[in-house]
$ cat start09.txt   # compact mmCIF, C-alpha atoms
# COMPACT_ATOMS: atom_id res chain seq x y z
CA MET A 1 138.73 266.66 114.97
CA ARG A 2 141.40 264.00 115.43
CA LEU A 3 144.55 262.88 113.64
CA ALA A 4 145.58 259.22 113.38
CA LEU A 5 148.85 257.58 112.34
CA TYR A 6 148.45 254.05 111.00
CA GLN A 7 151.45 251.87 111.88
CA PRO A 8 154.06 254.64 111.68
CA ASP A 9 157.55 253.58 110.61
CA ILE A 10 159.60 256.67 111.43
CA PRO A 11 159.94 257.91 115.03
CA GLN A 12 160.65 261.46 113.87
CA ASN A 13 157.29 261.55 112.10
CA LEU A 14 155.60 260.50 115.33
CA GLY A 15 157.44 263.36 117.04
CA ALA A 16 156.26 265.81 114.39
CA ALA A 17 152.68 264.51 114.72
CA LEU A 18 152.82 264.91 118.51
CA ARG A 19 154.01 268.48 118.12
CA LEU A 20 151.39 269.25 115.46
CA SER A 21 148.55 267.82 117.53
CA ALA A 22 149.71 269.59 120.71
CA CYS A 23 150.05 272.97 119.00
CA LEU A 24 146.68 272.74 117.24
CA GLY A 25 144.76 271.13 120.10
CA VAL A 26 143.92 268.03 118.08
CA ALA A 27 143.84 264.56 119.62
CA LEU A 28 146.29 262.04 118.15
CA ASP A 29 145.66 258.32 117.72
CA VAL A 30 148.60 255.97 117.10
CA ILE A 31 147.51 252.69 115.56
CA GLU A 32 150.07 249.97 116.21
CA PRO A 33 152.14 248.02 115.48
CA CYS A 34 154.80 250.61 114.75
CA GLY A 35 157.95 250.07 112.73
CA PHE A 36 160.02 250.96 115.79
CA PRO A 37 159.80 250.12 119.50
CA LEU A 38 157.05 252.34 120.90
CA THR A 39 157.71 252.81 124.57
CA ASP A 40 156.82 255.68 126.88
CA ALA A 41 160.48 256.72 126.80
CA SER A 42 160.64 256.70 122.99
CA MET A 43 157.40 258.70 122.76
CA LYS A 44 158.74 261.23 125.24
CA ARG A 45 162.00 261.48 123.28
CA ALA A 46 160.14 261.89 119.97
CA ALA A 47 157.81 264.53 121.39
CA LEU A 48 160.53 266.65 123.02
CA ASP A 49 158.75 269.03 125.38
CA TYR A 50 155.41 268.80 123.54
CA GLY A 51 154.47 265.33 124.74
CA GLU A 52 152.76 266.47 127.92
CA LYS A 53 150.57 268.84 125.91
CA ALA A 54 149.47 266.29 123.30
CA LEU A 55 146.36 264.17 123.76
CA VAL A 56 147.62 260.78 122.58
CA THR A 57 145.84 257.44 122.52
CA ARG A 58 147.64 254.27 121.52
CA HIS A 59 145.69 251.43 119.90
CA ARG A 60 147.02 247.88 119.55
CA SER A 61 145.39 247.42 116.15
CA LEU A 62 143.04 249.00 113.64
CA ALA A 63 140.22 246.89 115.08
CA THR A 64 140.89 248.27 118.57
CA PHE A 65 140.98 251.81 117.16
CA GLN A 66 137.68 251.28 115.33
CA SER A 67 135.98 250.07 118.51
CA THR A 68 136.63 253.28 120.46
CA PRO A 69 133.69 255.59 121.22
CA GLU A 70 135.34 258.42 119.24
CA ARG A 71 134.83 256.40 116.06
CA ASN A 72 131.07 256.91 116.46
CA GLU A 73 131.43 260.69 116.37
CA GLY A 74 132.53 261.15 112.77
CA ARG A 75 134.10 259.70 109.68
CA LEU A 76 137.51 258.18 109.19
CA VAL A 77 139.02 260.25 106.37
CA LEU A 78 142.05 258.69 104.69
CA ILE A 79 144.70 261.04 103.30
CA GLU A 80 146.24 259.16 100.36
CA THR A 81 147.86 259.96 97.02
CA ASP A 82 144.98 258.25 95.20
CA GLY A 83 142.20 259.69 97.37
CA ALA A 84 138.77 260.02 95.75
CA LEU A 85 138.50 263.82 96.18
CA ASN A 86 140.85 266.77 96.33
CA PHE A 87 140.99 267.72 100.01
CA HIS A 88 139.74 271.25 99.36
CA ASP A 89 136.58 269.85 97.71
CA PHE A 90 135.74 267.66 100.70
CA ALA A 91 133.27 268.86 103.39
CA PHE A 92 134.92 268.11 106.75
CA SER A 93 133.02 267.96 110.04
CA THR A 94 134.17 268.34 113.64
CA GLY A 95 133.97 264.63 114.49
CA ASP A 96 136.18 263.49 111.62
CA THR A 97 139.46 261.67 112.17
CA LEU A 98 142.11 262.26 109.53
CA VAL A 99 144.35 259.22 109.07
CA VAL A 100 147.64 258.74 107.23
CA GLY A 101 149.14 255.39 106.26
CA ARG A 102 152.60 253.92 106.74
CA GLU A 103 155.52 255.86 105.38
CA SER A 104 157.12 252.77 103.83
CA ALA A 105 154.06 250.97 102.49
CA GLY A 106 151.20 253.46 102.32
CA SER A 107 147.72 252.44 103.36
CA SER A 108 146.70 248.81 103.65
CA ARG A 109 143.53 247.36 102.13
CA GLU A 110 142.27 247.06 105.69
CA LEU A 111 142.69 250.82 106.20
CA TYR A 112 141.03 251.66 102.88
CA ALA A 113 138.09 249.45 103.86
CA ALA A 114 137.78 251.12 107.26
CA ALA A 115 137.73 254.67 105.86
CA GLN A 116 134.43 256.34 105.05
CA ALA A 117 136.17 258.80 102.71
CA SER A 118 139.54 259.44 101.10
CA VAL A 119 141.15 262.71 100.06
CA ARG A 120 144.25 263.64 98.11
CA ILE A 121 146.48 266.68 97.83
CA PRO A 122 147.04 267.90 94.26
CA MET A 123 150.74 267.74 93.39
CA VAL A 124 153.07 268.36 90.49
CA GLN A 125 152.71 265.50 88.01
CA GLY A 126 155.42 262.87 88.23
CA LEU A 127 156.14 263.33 91.93
CA ARG A 128 155.18 260.48 94.23
CA SER A 129 154.11 261.85 97.60
CA LEU A 130 154.60 264.27 100.46
CA ASN A 131 155.89 263.37 103.89
CA VAL A 132 152.89 261.95 105.79
CA ILE A 133 153.00 264.60 108.52
CA ASN A 134 153.28 267.42 105.97
CA ALA A 135 150.25 265.94 104.19
CA ALA A 136 148.39 265.63 107.49
CA ALA A 137 149.17 269.27 108.35
CA ILE A 138 147.92 270.52 104.98
CA VAL A 139 144.63 268.62 105.18
CA LEU A 140 144.19 269.30 108.90
CA SER A 141 144.57 273.02 108.23
CA GLU A 142 141.71 272.94 105.72
CA ALA A 143 139.56 270.78 107.98
CA MET A 144 140.09 273.24 110.84
CA ARG A 145 139.24 276.18 108.56
CA GLN A 146 136.01 274.55 107.43
CA THR A 147 134.89 273.63 110.94
CA GLY A 148 135.84 276.91 112.65
CA ALA A 149 138.51 275.29 114.81
CA TRP A 150 141.09 278.02 114.12
CA GLU A 151 138.88 280.60 115.83
CA LYS A 152 138.83 278.49 119.00
CA LEU A 153 142.64 278.66 119.24
CA ALA A 154 142.92 282.45 119.05
$ encode --input "start09.txt" --output "structure tokens"
Amino acid sequence: MRLALYQPDIPQNLGAALRLSACLGVALDVIEPCGFPLTDASMKRAALDYGEKALVTRHRSLATFQSTPERNEGRLVLIETDGALNFHDFAFSTGDTLVVGRESAGSSRELYAAAQASVRIPMVQGLRSLNVINAAAIVLSEAMRQTGAWEKLA
């Protein structure tokens, strides 16, 4: 199981994703370009003391990300407000990569086209969206439950 951030705009969200991935033992992919300067120093600052424990891979573009060997191991599952299925109705597998779009602009057509599946989180009608890392944590939790990953952490 992996988590991917597509062109993140907010450094604090990258920090939260680094912490989430480190604590849950999930690899993190950062698909650039980012909406902020992404340097080793800025990643270290965003990650606080969790950065050394996170398995992070930076990708220059979506095409570069798609060409990695990990992309052959499972599906790219887009978490989006208009996803095709409620996340709890989706059957996750261990090789899946969960991906969230940009905070400011959502997911591009390119990202939708790259995804093999899309899921959504049911919300109160009239509200727009959750923070991308909160959404990732909710869906990741269910994916880990379905695939038995929680038991491996205990």
$ closest_residue --input "start09.txt" --among "A:His88, A:Arg102, A:Arg120, A:Arg109" --to "Pro33 of chain A" --atoms "all atoms listed in the file"
A:Arg102
$ residues_near_point --input "start09.txt" --point "(134.3, 275.9, 103.0)" --cutoff "8 Å" --atoms "all atoms listed in the file" --output "PyMOL selection string"
chain A and resi 91+145-146
$ atom_distance --input "start09.txt" --atom1 "atom CA of Cys34 of chain A" --atom2 "atom CA of Pro69 of chain A"
22.6 Å
$ closest_residue --input "start09.txt" --among "A:Thr39, A:Gln116, A:Thr147, A:Asn86" --to "Gln66 of chain A" --atoms "all atoms listed in the file"
A:Gln116
$ atom_distance --input "start09.txt" --atom1 "atom CA of Gly95 of chain A" --atom2 "atom CA of Met144 of chain A"
11.2 Å
$ decode --input "start09.txt" --residues "segment 89-101 of chain A" --atoms "all heavy atoms" --output "PDB file, in the first residue's frame"
ATOM      1  N   ASP A  89     -17.133   0.831  -0.078  1.00  0.00           N
ATOM      2  CA  ASP A  89     -17.658  -0.178  -1.007  1.00  0.00           C
ATOM      3  C   ASP A  89     -16.592  -0.675  -1.983  1.00  0.00           C
ATOM      4  O   ASP A  89     -16.862  -1.560  -2.791  1.00  0.00           O
ATOM      5  CB  ASP A  89     -18.828   0.397  -1.824  1.00  0.00           C
ATOM      6  CG  ASP A  89     -20.043   0.697  -0.964  1.00  0.00           C
ATOM      7  OD1 ASP A  89     -20.237   0.008   0.058  1.00  0.00           O
ATOM      8  OD2 ASP A  89     -20.784   1.635  -1.317  1.00  0.00           O
ATOM      9  N   PHE A  90     -15.412  -0.113  -1.914  1.00  0.00           N
ATOM     10  CA  PHE A  90     -14.331  -0.460  -2.830  1.00  0.00           C
ATOM     11  C   PHE A  90     -13.485  -1.577  -2.222  1.00  0.00           C
ATOM     12  O   PHE A  90     -13.211  -1.568  -1.022  1.00  0.00           O
ATOM     13  CB  PHE A  90     -13.458   0.775  -3.089  1.00  0.00           C
ATOM     14  CG  PHE A  90     -12.404   0.562  -4.135  1.00  0.00           C
ATOM     15  CD1 PHE A  90     -12.721   0.571  -5.478  1.00  0.00           C
ATOM     16  CD2 PHE A  90     -11.088   0.351  -3.761  1.00  0.00           C
ATOM     17  CE1 PHE A  90     -11.747   0.386  -6.445  1.00  0.00           C
ATOM     18  CE2 PHE A  90     -10.103   0.163  -4.720  1.00  0.00           C
ATOM     19  CZ  PHE A  90     -10.438   0.172  -6.062  1.00  0.00           C
ATOM     20  N   ALA A  91     -13.068  -2.542  -3.041  1.00  0.00           N
ATOM     21  CA  ALA A  91     -12.208  -3.643  -2.578  1.00  0.00           C
ATOM     22  C   ALA A  91     -10.746  -3.270  -2.837  1.00  0.00           C
ATOM     23  O   ALA A  91     -10.265  -3.336  -3.969  1.00  0.00           O
ATOM     24  CB  ALA A  91     -12.569  -4.934  -3.288  1.00  0.00           C
ATOM     25  N   PHE A  92     -10.036  -2.855  -1.788  1.00  0.00           N
ATOM     26  CA  PHE A  92      -8.634  -2.477  -1.891  1.00  0.00           C
ATOM     27  C   PHE A  92      -7.747  -3.715  -1.898  1.00  0.00           C
ATOM     28  O   PHE A  92      -8.125  -4.762  -1.366  1.00  0.00           O
ATOM     29  CB  PHE A  92      -8.239  -1.579  -0.707  1.00  0.00           C
ATOM     30  CG  PHE A  92      -8.921  -0.254  -0.708  1.00  0.00           C
ATOM     31  CD1 PHE A  92     -10.088  -0.056   0.016  1.00  0.00           C
ATOM     32  CD2 PHE A  92      -8.413   0.805  -1.448  1.00  0.00           C
ATOM     33  CE1 PHE A  92     -10.731   1.170   0.014  1.00  0.00           C
ATOM     34  CE2 PHE A  92      -9.041   2.037  -1.459  1.00  0.00           C
ATOM     35  CZ  PHE A  92     -10.207   2.215  -0.724  1.00  0.00           C
ATOM     36  N   SER A  93      -6.556  -3.589  -2.482  1.00  0.00           N
ATOM     37  CA  SER A  93      -5.572  -4.661  -2.427  1.00  0.00           C
ATOM     38  C   SER A  93      -4.224  -4.076  -2.014  1.00  0.00           C
ATOM     39  O   SER A  93      -4.005  -2.863  -2.089  1.00  0.00           O
ATOM     40  CB  SER A  93      -5.481  -5.410  -3.755  1.00  0.00           C
ATOM     41  OG  SER A  93      -5.155  -4.537  -4.800  1.00  0.00           O
ATOM     42  N   THR A  94      -3.316  -4.942  -1.587  1.00  0.00           N
ATOM     43  CA  THR A  94      -2.059  -4.501  -0.977  1.00  0.00           C
ATOM     44  C   THR A  94      -1.173  -3.678  -1.910  1.00  0.00           C
ATOM     45  O   THR A  94      -0.417  -2.838  -1.448  1.00  0.00           O
ATOM     46  CB  THR A  94      -1.251  -5.694  -0.442  1.00  0.00           C
ATOM     47  OG1 THR A  94      -1.032  -6.611  -1.511  1.00  0.00           O
ATOM     48  CG2 THR A  94      -1.975  -6.383   0.689  1.00  0.00           C
ATOM     49  N   GLY A  95      -1.265  -3.861  -3.206  1.00  0.00           N
ATOM     50  CA  GLY A  95      -0.420  -3.129  -4.134  1.00  0.00           C
ATOM     51  C   GLY A  95      -0.964  -1.779  -4.563  1.00  0.00           C
ATOM     52  O   GLY A  95      -0.318  -1.052  -5.324  1.00  0.00           O
ATOM     53  N   ASP A  96      -2.140  -1.413  -4.079  1.00  0.00           N
ATOM     54  CA  ASP A  96      -2.765  -0.157  -4.488  1.00  0.00           C
ATOM     55  C   ASP A  96      -1.991   1.062  -3.993  1.00  0.00           C
ATOM     56  O   ASP A  96      -1.383   1.042  -2.921  1.00  0.00           O
ATOM     57  CB  ASP A  96      -4.200  -0.063  -3.960  1.00  0.00           C
ATOM     58  CG  ASP A  96      -5.148  -1.022  -4.646  1.00  0.00           C
ATOM     59  OD1 ASP A  96      -4.819  -1.534  -5.738  1.00  0.00           O
ATOM     60  OD2 ASP A  96      -6.243  -1.264  -4.085  1.00  0.00           O
ATOM     61  N   THR A  97      -2.049   2.119  -4.779  1.00  0.00           N
ATOM     62  CA  THR A  97      -1.539   3.429  -4.379  1.00  0.00           C
ATOM     63  C   THR A  97      -2.726   4.371  -4.329  1.00  0.00           C
ATOM     64  O   THR A  97      -3.426   4.552  -5.332  1.00  0.00           O
ATOM     65  CB  THR A  97      -0.497   3.969  -5.376  1.00  0.00           C
ATOM     66  OG1 THR A  97       0.620   3.079  -5.411  1.00  0.00           O
ATOM     67  CG2 THR A  97      -0.014   5.365  -4.972  1.00  0.00           C
ATOM     68  N   LEU A  98      -2.950   4.961  -3.165  1.00  0.00           N
ATOM     69  CA  LEU A  98      -4.010   5.948  -2.997  1.00  0.00           C
ATOM     70  C   LEU A  98      -3.426   7.309  -3.335  1.00  0.00           C
ATOM     71  O   LEU A  98      -2.363   7.671  -2.837  1.00  0.00           O
ATOM     72  CB  LEU A  98      -4.518   5.937  -1.556  1.00  0.00           C
ATOM     73  CG  LEU A  98      -4.905   4.572  -0.985  1.00  0.00           C
ATOM     74  CD1 LEU A  98      -5.360   4.716   0.459  1.00  0.00           C
ATOM     75  CD2 LEU A  98      -5.977   3.917  -1.832  1.00  0.00           C
ATOM     76  N   VAL A  99      -4.107   8.078  -4.165  1.00  0.00           N
ATOM     77  CA  VAL A  99      -3.580   9.377  -4.592  1.00  0.00           C
ATOM     78  C   VAL A  99      -4.613  10.468  -4.354  1.00  0.00           C
ATOM     79  O   VAL A  99      -5.810  10.266  -4.577  1.00  0.00           O
ATOM     80  CB  VAL A  99      -3.117   9.343  -6.072  1.00  0.00           C
ATOM     81  CG1 VAL A  99      -4.259   9.036  -7.019  1.00  0.00           C
ATOM     82  CG2 VAL A  99      -2.433  10.645  -6.461  1.00  0.00           C
ATOM     83  N   VAL A 100      -4.130  11.610  -3.868  1.00  0.00           N
ATOM     84  CA  VAL A 100      -4.975  12.793  -3.698  1.00  0.00           C
ATOM     85  C   VAL A 100      -4.450  13.893  -4.616  1.00  0.00           C
ATOM     86  O   VAL A 100      -3.257  13.991  -4.879  1.00  0.00           O
ATOM     87  CB  VAL A 100      -5.021  13.282  -2.235  1.00  0.00           C
ATOM     88  CG1 VAL A 100      -5.713  12.259  -1.340  1.00  0.00           C
ATOM     89  CG2 VAL A 100      -3.635  13.601  -1.702  1.00  0.00           C
ATOM     90  N   GLY A 101      -5.378  14.723  -5.094  1.00  0.00           N
ATOM     91  CA  GLY A 101      -5.030  15.807  -6.002  1.00  0.00           C
ATOM     92  C   GLY A 101      -4.579  17.061  -5.274  1.00  0.00           C
ATOM     93  O   GLY A 101      -4.426  17.078  -4.052  1.00  0.00           O
TER      94      GLY A 101
END
